[in-house]
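Source file: structure.txt (compact mmCIF, N, CA, C and O atoms)
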# COMPACT_ATOMS: atom_id res chain seq x y z
N MET A 16 0.82 -1.19 0.00
CA MET A 16 0.00 0.00 0.00
C MET A 16 0.87 1.25 0.00
O MET A 16 0.64 2.15 -0.77
N TYR A 17 1.83 1.33 0.88
CA TYR A 17 2.73 2.47 0.94
C TYR A 17 4.09 2.06 0.40
O TYR A 17 4.50 0.91 0.50
N ASP A 18 4.79 3.00 -0.14
CA ASP A 18 6.12 2.75 -0.66
C ASP A 18 7.11 2.79 0.50
O ASP A 18 7.61 3.83 0.87
N ARG A 19 7.40 1.64 1.08
CA ARG A 19 8.27 1.58 2.26
C ARG A 19 9.71 1.92 1.92
O ARG A 19 10.45 2.39 2.76
N ASP A 20 10.15 1.65 0.69
CA ASP A 20 11.53 1.97 0.33
C ASP A 20 11.77 3.47 0.36
O ASP A 20 12.83 3.94 0.74
N HIS A 21 10.78 4.23 -0.05
CA HIS A 21 10.93 5.69 -0.06
C HIS A 21 10.73 6.28 1.33
O HIS A 21 11.46 7.16 1.74
N LEU A 22 9.75 5.79 2.05
CA LEU A 22 9.42 6.36 3.35
C LEU A 22 10.29 5.83 4.47
O LEU A 22 10.49 6.49 5.48
N GLY A 23 10.81 4.65 4.34
CA GLY A 23 11.56 4.05 5.43
C GLY A 23 10.62 3.31 6.36
O GLY A 23 9.40 3.37 6.25
N GLU A 24 11.17 2.60 7.28
CA GLU A 24 10.36 1.87 8.24
C GLU A 24 9.85 2.82 9.32
O GLU A 24 10.58 3.71 9.76
N PRO A 25 8.61 2.65 9.77
CA PRO A 25 8.10 3.54 10.82
C PRO A 25 8.83 3.31 12.13
O PRO A 25 9.19 2.20 12.48
N ASN A 26 9.03 4.38 12.88
CA ASN A 26 9.67 4.27 14.19
C ASN A 26 8.60 4.11 15.26
O ASN A 26 7.44 3.85 14.95
N VAL A 27 8.94 4.30 16.51
CA VAL A 27 8.02 4.08 17.62
C VAL A 27 6.81 5.02 17.54
O VAL A 27 5.69 4.63 17.84
N ASP A 28 7.01 6.26 17.08
CA ASP A 28 5.92 7.24 17.00
C ASP A 28 5.02 7.03 15.78
O ASP A 28 4.04 7.72 15.62
N GLY A 29 5.39 6.12 14.90
CA GLY A 29 4.60 5.90 13.70
C GLY A 29 5.07 6.76 12.53
O GLY A 29 4.56 6.66 11.44
N GLU A 30 6.03 7.63 12.77
CA GLU A 30 6.58 8.48 11.71
C GLU A 30 7.65 7.69 10.96
O GLU A 30 8.43 6.96 11.57
N PRO A 31 7.74 7.85 9.66
CA PRO A 31 8.82 7.18 8.93
C PRO A 31 10.17 7.81 9.27
O PRO A 31 10.26 9.02 9.45
N GLU A 32 11.17 6.99 9.41
CA GLU A 32 12.51 7.51 9.71
C GLU A 32 13.11 8.07 8.43
O GLU A 32 12.94 7.53 7.35
N LEU A 33 13.83 9.16 8.57
CA LEU A 33 14.50 9.76 7.42
C LEU A 33 15.76 8.96 7.11
O LEU A 33 16.48 8.55 8.00
N LYS A 34 16.00 8.76 5.83
CA LYS A 34 17.13 7.94 5.43
C LYS A 34 18.39 8.74 5.17
O LYS A 34 19.48 8.21 5.27
N SER A 35 18.27 10.01 4.80
CA SER A 35 19.46 10.77 4.44
C SER A 35 19.29 12.23 4.83
O SER A 35 18.16 12.70 5.06
N PRO A 36 20.38 12.99 4.86
CA PRO A 36 20.27 14.43 5.13
C PRO A 36 19.48 15.18 4.06
O PRO A 36 18.88 16.21 4.33
N GLU A 37 19.46 14.64 2.86
CA GLU A 37 18.70 15.28 1.79
C GLU A 37 17.20 15.23 2.09
O GLU A 37 16.46 16.16 1.74
N ASP A 38 16.75 14.15 2.74
CA ASP A 38 15.34 14.06 3.11
C ASP A 38 14.97 15.15 4.12
O ASP A 38 13.89 15.73 4.04
N VAL A 39 15.87 15.39 5.06
CA VAL A 39 15.63 16.45 6.05
C VAL A 39 15.55 17.80 5.35
O VAL A 39 14.66 18.60 5.62
N THR A 40 16.46 18.03 4.41
CA THR A 40 16.47 19.29 3.66
C THR A 40 15.20 19.43 2.81
O THR A 40 14.62 20.51 2.74
N ASP A 41 14.79 18.34 2.19
CA ASP A 41 13.57 18.38 1.37
C ASP A 41 12.35 18.71 2.21
O ASP A 41 11.52 19.53 1.83
N ARG A 42 12.23 18.06 3.37
CA ARG A 42 11.07 18.35 4.24
C ARG A 42 11.09 19.78 4.74
O ARG A 42 10.06 20.43 4.81
N PHE A 43 12.27 20.27 5.10
CA PHE A 43 12.38 21.65 5.57
C PHE A 43 11.98 22.62 4.45
O PHE A 43 11.24 23.57 4.68
N GLY A 44 12.45 22.36 3.24
CA GLY A 44 12.11 23.22 2.10
C GLY A 44 10.63 23.22 1.81
O GLY A 44 10.04 24.27 1.52
N LEU A 45 10.00 22.07 1.89
CA LEU A 45 8.56 22.00 1.66
C LEU A 45 7.78 22.75 2.74
O LEU A 45 6.80 23.44 2.45
N ARG A 46 8.22 22.62 3.98
CA ARG A 46 7.53 23.32 5.07
C ARG A 46 7.69 24.83 4.94
O ARG A 46 6.73 25.58 5.16
N VAL A 47 8.88 25.28 4.58
CA VAL A 47 9.10 26.72 4.39
C VAL A 47 8.25 27.23 3.23
O VAL A 47 7.62 28.29 3.32
N ALA A 48 8.20 26.48 2.14
CA ALA A 48 7.39 26.89 1.00
C ALA A 48 5.91 26.95 1.36
O ALA A 48 5.20 27.87 0.93
N LEU A 49 5.45 26.01 2.15
CA LEU A 49 4.05 26.01 2.58
C LEU A 49 3.74 27.21 3.47
O LEU A 49 2.71 27.87 3.30
N VAL A 50 4.64 27.53 4.39
CA VAL A 50 4.43 28.68 5.28
C VAL A 50 4.44 29.97 4.47
O VAL A 50 3.59 30.85 4.67
N VAL A 51 5.37 30.11 3.54
CA VAL A 51 5.44 31.32 2.72
C VAL A 51 4.19 31.47 1.85
O VAL A 51 3.64 32.56 1.72
N THR A 52 3.70 30.37 1.32
CA THR A 52 2.48 30.41 0.52
C THR A 52 1.28 30.82 1.37
O THR A 52 0.46 31.64 0.95
N CYS A 53 1.17 30.27 2.56
CA CYS A 53 0.05 30.63 3.45
C CYS A 53 0.12 32.09 3.86
O CYS A 53 -0.91 32.77 3.88
N VAL A 54 1.30 32.58 4.15
CA VAL A 54 1.45 34.00 4.51
C VAL A 54 1.08 34.88 3.32
O VAL A 54 0.42 35.91 3.48
N GLY A 55 1.48 34.47 2.13
CA GLY A 55 1.12 35.23 0.94
C GLY A 55 -0.38 35.29 0.72
O GLY A 55 -0.93 36.34 0.38
N PHE A 56 -1.06 34.17 0.90
CA PHE A 56 -2.52 34.16 0.76
C PHE A 56 -3.19 35.01 1.83
O PHE A 56 -4.19 35.67 1.56
N LEU A 57 -2.65 35.00 3.05
CA LEU A 57 -3.20 35.82 4.12
C LEU A 57 -3.05 37.31 3.80
O LEU A 57 -4.00 38.08 3.96
N ILE A 58 -1.89 37.70 3.31
CA ILE A 58 -1.68 39.11 2.94
C ILE A 58 -2.61 39.51 1.80
O ILE A 58 -3.18 40.60 1.80
N ALA A 59 -2.77 38.63 0.81
CA ALA A 59 -3.66 38.93 -0.30
C ALA A 59 -5.11 39.06 0.16
O ALA A 59 -5.84 39.94 -0.31
N ALA A 60 -5.53 38.21 1.08
CA ALA A 60 -6.91 38.28 1.58
C ALA A 60 -7.14 39.57 2.36
O ALA A 60 -8.19 40.22 2.21
N ILE A 61 -6.17 39.96 3.17
CA ILE A 61 -6.30 41.21 3.93
C ILE A 61 -6.33 42.40 2.97
O ILE A 61 -7.12 43.33 3.15
N TRP A 62 -5.50 42.37 1.95
CA TRP A 62 -5.45 43.47 0.98
C TRP A 62 -6.78 43.57 0.23
O TRP A 62 -7.31 44.67 0.02
N LEU A 63 -7.34 42.44 -0.18
CA LEU A 63 -8.62 42.47 -0.90
C LEU A 63 -9.76 42.93 0.00
O LEU A 63 -10.67 43.63 -0.45
N ALA A 64 -9.73 42.53 1.26
CA ALA A 64 -10.82 42.89 2.17
C ALA A 64 -10.76 44.36 2.55
O ALA A 64 -11.80 44.99 2.79
N SER A 65 -9.57 44.93 2.60
CA SER A 65 -9.45 46.32 3.04
C SER A 65 -9.51 47.32 1.88
O SER A 65 -9.66 48.52 2.12
N SER A 66 -9.39 46.87 0.65
CA SER A 66 -9.41 47.80 -0.47
C SER A 66 -10.84 48.28 -0.73
O SER A 66 -11.80 47.55 -0.53
N PRO A 67 -10.98 49.54 -1.16
CA PRO A 67 -12.32 50.04 -1.44
C PRO A 67 -12.92 49.35 -2.67
O PRO A 67 -12.20 48.94 -3.57
N SER A 68 -14.23 49.21 -2.66
CA SER A 68 -14.90 48.56 -3.79
C SER A 68 -16.28 49.17 -4.00
O SER A 68 -16.80 49.88 -3.13
N PHE A 69 -16.82 48.92 -5.16
CA PHE A 69 -18.15 49.45 -5.47
C PHE A 69 -19.22 48.84 -4.58
O PHE A 69 -20.19 49.50 -4.21
N GLN A 70 -19.05 47.57 -4.20
CA GLN A 70 -20.03 46.93 -3.34
C GLN A 70 -20.07 47.57 -1.96
O GLN A 70 -21.14 47.74 -1.38
N LYS A 71 -18.90 47.93 -1.43
CA LYS A 71 -18.86 48.56 -0.12
C LYS A 71 -19.51 49.94 -0.17
O LYS A 71 -20.22 50.34 0.75
N CYS A 72 -19.25 50.67 -1.26
CA CYS A 72 -19.81 52.01 -1.37
C CYS A 72 -21.33 51.97 -1.57
O CYS A 72 -22.05 52.81 -1.05
N SER A 73 -21.81 51.01 -2.33
CA SER A 73 -23.24 50.95 -2.59
C SER A 73 -24.03 50.48 -1.37
O SER A 73 -25.25 50.61 -1.33
N ALA A 74 -23.35 49.94 -0.36
CA ALA A 74 -24.02 49.47 0.85
C ALA A 74 -24.43 50.61 1.78
O ALA A 74 -25.27 50.42 2.64
N PHE A 75 -23.83 51.81 1.59
CA PHE A 75 -24.19 52.95 2.45
C PHE A 75 -25.59 53.43 2.11
O PHE A 75 -25.94 53.61 0.95
N GLU A 76 -26.41 53.64 3.14
CA GLU A 76 -27.76 54.14 2.91
C GLU A 76 -27.78 55.66 2.83
O GLU A 76 -28.60 56.23 2.11
N ASN A 77 -26.89 56.32 3.55
CA ASN A 77 -26.82 57.77 3.53
C ASN A 77 -26.15 58.21 2.23
O ASN A 77 -25.06 57.76 1.89
N LEU A 78 -26.78 59.12 1.51
CA LEU A 78 -26.28 59.56 0.20
C LEU A 78 -24.93 60.26 0.32
O LEU A 78 -24.04 60.01 -0.51
N SER A 79 -24.75 61.09 1.32
CA SER A 79 -23.48 61.81 1.45
C SER A 79 -22.33 60.85 1.76
O SER A 79 -21.22 61.01 1.25
N ASP A 80 -22.59 59.83 2.59
CA ASP A 80 -21.57 58.83 2.87
C ASP A 80 -21.23 58.02 1.62
O ASP A 80 -20.07 57.70 1.37
N ARG A 81 -22.25 57.69 0.84
CA ARG A 81 -22.03 56.93 -0.38
C ARG A 81 -21.21 57.73 -1.38
O ARG A 81 -20.28 57.21 -2.01
N ILE A 82 -21.52 59.02 -1.52
CA ILE A 82 -20.77 59.87 -2.46
C ILE A 82 -19.32 60.00 -2.00
O ILE A 82 -18.39 59.94 -2.81
N ALA A 83 -19.11 60.19 -0.70
CA ALA A 83 -17.75 60.30 -0.18
C ALA A 83 -16.97 58.99 -0.41
O ALA A 83 -15.78 59.02 -0.75
N CYS A 84 -17.65 57.87 -0.27
CA CYS A 84 -17.00 56.58 -0.52
C CYS A 84 -16.63 56.44 -1.99
O CYS A 84 -15.52 56.00 -2.32
N TYR A 85 -17.52 56.83 -2.89
CA TYR A 85 -17.22 56.76 -4.32
C TYR A 85 -16.07 57.68 -4.70
O TYR A 85 -15.25 57.35 -5.55
N GLU A 86 -15.99 58.86 -4.06
CA GLU A 86 -14.88 59.77 -4.35
C GLU A 86 -13.56 59.18 -3.86
O GLU A 86 -12.53 59.28 -4.54
N GLY A 87 -13.58 58.54 -2.70
CA GLY A 87 -12.38 57.86 -2.22
C GLY A 87 -11.98 56.70 -3.11
O GLY A 87 -10.79 56.49 -3.38
N LEU A 88 -12.96 55.99 -3.62
CA LEU A 88 -12.69 54.89 -4.54
C LEU A 88 -12.09 55.42 -5.84
O LEU A 88 -11.14 54.85 -6.37
N ARG A 89 -12.62 56.52 -6.32
CA ARG A 89 -12.12 57.11 -7.56
C ARG A 89 -10.66 57.55 -7.40
O ARG A 89 -9.82 57.27 -8.25
N THR A 90 -10.34 58.20 -6.29
CA THR A 90 -8.97 58.63 -6.09
C THR A 90 -8.03 57.43 -5.90
O THR A 90 -6.88 57.46 -6.36
N ALA A 91 -8.51 56.36 -5.28
CA ALA A 91 -7.69 55.17 -5.10
C ALA A 91 -7.42 54.48 -6.44
O ALA A 91 -6.32 53.99 -6.69
N LEU A 92 -8.44 54.48 -7.30
CA LEU A 92 -8.26 53.80 -8.59
C LEU A 92 -7.46 54.64 -9.59
O LEU A 92 -6.88 54.09 -10.53
N LEU A 93 -7.42 55.96 -9.41
CA LEU A 93 -6.67 56.81 -10.32
C LEU A 93 -5.20 56.94 -9.97
O LEU A 93 -4.44 57.52 -10.73
N GLN A 94 -4.80 56.39 -8.85
CA GLN A 94 -3.39 56.45 -8.47
C GLN A 94 -2.57 55.57 -9.40
O GLN A 94 -3.04 54.50 -9.82
N PRO A 95 -1.34 56.00 -9.72
CA PRO A 95 -0.52 55.13 -10.56
C PRO A 95 -0.11 53.87 -9.80
O PRO A 95 -0.06 53.88 -8.55
N PRO A 96 0.14 52.78 -10.50
CA PRO A 96 0.47 51.54 -9.82
C PRO A 96 1.80 51.65 -9.08
O PRO A 96 2.70 52.38 -9.47
N ALA A 97 1.92 50.93 -7.98
CA ALA A 97 3.15 50.93 -7.19
C ALA A 97 4.23 50.17 -7.93
O ALA A 97 3.97 49.20 -8.62
N ARG A 98 5.43 50.63 -7.79
CA ARG A 98 6.54 49.95 -8.49
C ARG A 98 7.24 48.99 -7.60
O ARG A 98 7.36 48.97 -6.52
Rendering of file as structure tokens:
Amino acid sequence: MYDRDHLGEPNVDGEPELKSPEDVTDRFGLRVALVVTCVGFLIAAIWLASSPSFQKCSAFENLSDRIACYEGLRTALLQPPAR
């Protein structure tokens, strides 16, 4: 069922034993890549949630608040892209 040659024999904890230093390096690299990817997705989600949008502006019931929101959205969208 499992490839025992690749994974090694399980130790007392049920975890497969690492066979070489390269395996340790590979696992560390995968874990770092996973953490960096998760942090990137978290930053992107925060950026999307905090950026102004037409849906947020249209949710205001007060006309003056809605107009002020649209003006802020317009100025945010007219800014040149960050380098």
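Note that the spacing between atom CA of Leu93 of chain A and atom CA of Ile58 of chain A amounts to 22.7 Å.
The space separating atom CA of Cys72 of chain A from atom CA of Ala59 of chain A comes to 20.8 Å.
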Practice task
Could you please determine the separation between atom C of Ala83 of chain A and atom O of Ser68 of chain A in Å, to one decimal place?
Solution key: 9.5 Å
